[in-house]
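Have a look at the structure below before the remarks.
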Amino acid sequence: MDILEFKSEIDNGNFKFYIVKTGWRDMADCVVSDYDLVLSNSPEIILPTLIHKYLRLPWVTSDHGYWKHPTPGFEVTELDLSSDDSKFSNKYRDLENYLKAYQDGNCKNIRSIHTLTYDIESNGVNEEYAKHEVIKFNFKVLDELIKSEDETISKCKKEARQKKADAKFNQLVDDISQLSIANKQKILAKLVK
């Protein structure tokens with residue numbers, strides 16, 4: 001699976017990232033938590049059903065090591081990828097920095113990235129209309145998104161500089177056109193030197 005094929009859909013809001021707490025265990029000296037990332041265009045109403053089915057997670061579990069009380073089998077949190085006030089910020093770098101807290105290697109770890117592609121055009125809300133792919137999580141996958149976004153930001157910055165320069169040029173032409181003929185001739189004389 002190439003994560004870059006989803007970038008435009010993520011950018012326009014059709015696909016969202018979710019972090020799913022898939023389990024935790026009380027190990028007496030620490031609590032170990034496992035997470036997966038889910039990238040999906042599924043309606044929120046059916047997303048838990050898709051996660052339950054395709055990630056094979058129970059609705060309720062008491063498998064927590066020393067602590068045996070039942071708890072929800074998984075927890076889903078949508079990750080906010082909205083940019084800050086700057087239109088030139090890299091939301092994928094922000095995502096990577098946010099996820100580092102979920103990847104300390106000892107007590108927390110993100111295992112996989114799952115894509116749950118839901119067929120919006122299908123009849124009714126039915127988990128059978130989803131496609132599921134999975135890849136092992138590592139930050140190199142996010143680095144591809146970061147690099148691609150940096151290229152997009154660089155292009156946008158260049159276009160913004162060009163627009164600003166074009167606006168200045170147009171204003172200068174407008175200002176010169178309002179000058180007297182004598183002053184226009186003076187400007188031409190200086191430019192020709």
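Labels for the structure tokens follow display order: chains A, B, ..., residues from 1 in each chain, ligands from 1.
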Residues within 7 Å of segment 14-18 of chain A, only C-alpha atoms, excluding chain neighbours under 5 positions, as a list in words: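 In the requested format, the answer is Glu9, Leu37, Val38, Leu39, Ser40, Asn41, Val76, Thr77, Glu78 and Leu79 of chain A.
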Would you please give, as a PyMOL selection string, all residues of chain A that DSSP assigns to helix (DSSP H, G or I) based on the backbone? chain A and resi 3-11+47-54+91-102+127-129+139-177+181-192
Work out how far apart atom CA of Tyr98 of chain A and atom CA of Gly23 of chain A are and give it in Å to one decimal. 19.6 Å
Contact check, segment 48-100 of chain A to segment 130-153 of chain A, at most 12 Å, counting only C-alpha atoms, closest pairs as a tab-separated table:
residue	atom	partner	partner_atom	distance
A:Thr49	CA	A:Ala130	CA	10.9
A:Leu50	CA	A:Ala130	CA	7.8
A:Ile51	CA	A:His132	CA	9.9
A:Lys53	CA	A:His132	CA	10.1
A:Tyr54	CA	A:His132	CA	6.8
A:Leu55	CA	A:His132	CA	9.0
A:Arg56	CA	A:His132	CA	11.8
A:Ser83	CA	A:Glu149	CA	11.9
A:Ser86	CA	A:Ile153	CA	10.8
A:Lys87	CA	A:Ile153	CA	8.3
A:Phe88	CA	A:Ile153	CA	5.7
A:Ser89	CA	A:Ile153	CA	7.7
A:Asn90	CA	A:Glu149	CA	6.3
A:Lys91	CA	A:Ile146	CA	8.0
A:Tyr92	CA	A:Ile146	CA	5.3
A:Arg93	CA	A:Ile146	CA	5.8
A:Asp94	CA	A:Ile146	CA	9.3
A:Leu95	CA	A:Leu142	CA	8.4
A:Glu96	CA	A:Leu142	CA	6.7
A:Asn97	CA	A:Phe139	CA	10.0
A:Tyr98	CA	A:Phe139	CA	11.7
A:Leu99	CA	A:Phe139	CA	9.1
A:Lys100	CA	A:Phe139	CA	8.9
Quick one: pick out all strand (DSSP E or B) residues within segment 4-191 of chain A from a backbone DSSP run and write them as a PyMOL selection string. chain A and resi 16-26+31-40+60-61+64-65+67+71-72+75-78+108-118+130-136
Separation of atom CA of Ser154 of chain A and atom CA of Lys7 of chain A, in Å?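 Atom CA of Lys7 of chain A lies at a distance of 16.4 Å from atom CA of Ser154 of chain A.
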Skip Ala28 of chain A itself and residues of its chain fewer than 2 positions away, then list as a VMD selection string all residues within 9 Å of it, counting only C-alpha atoms. chain A and resid 26 30 to 31 65 to 66
Using only C-alpha atoms, which residues sit within 6 Å of Val20 of chain A once same-chain residues fewer than 4 positions away are excluded, as a list in words?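 Near Val20 of chain A, the qualifying residues are Tyr35, Asp36, Glu75 and Val76 of chain A.
The closest residue to Asp11 of chain A, picked from A:Leu81, A:Leu57, A:Ile45, A:Leu179 and counting only C-alpha atoms, is A:Leu81.
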Quick one: pull the distance between atom CA of Val32 of chain A and atom CA of Pro48 of chain A, Å, one decimal.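 Pair atom CA of Val32 of chain A / atom CA of Pro48 of chain A returns 22.6 Å.
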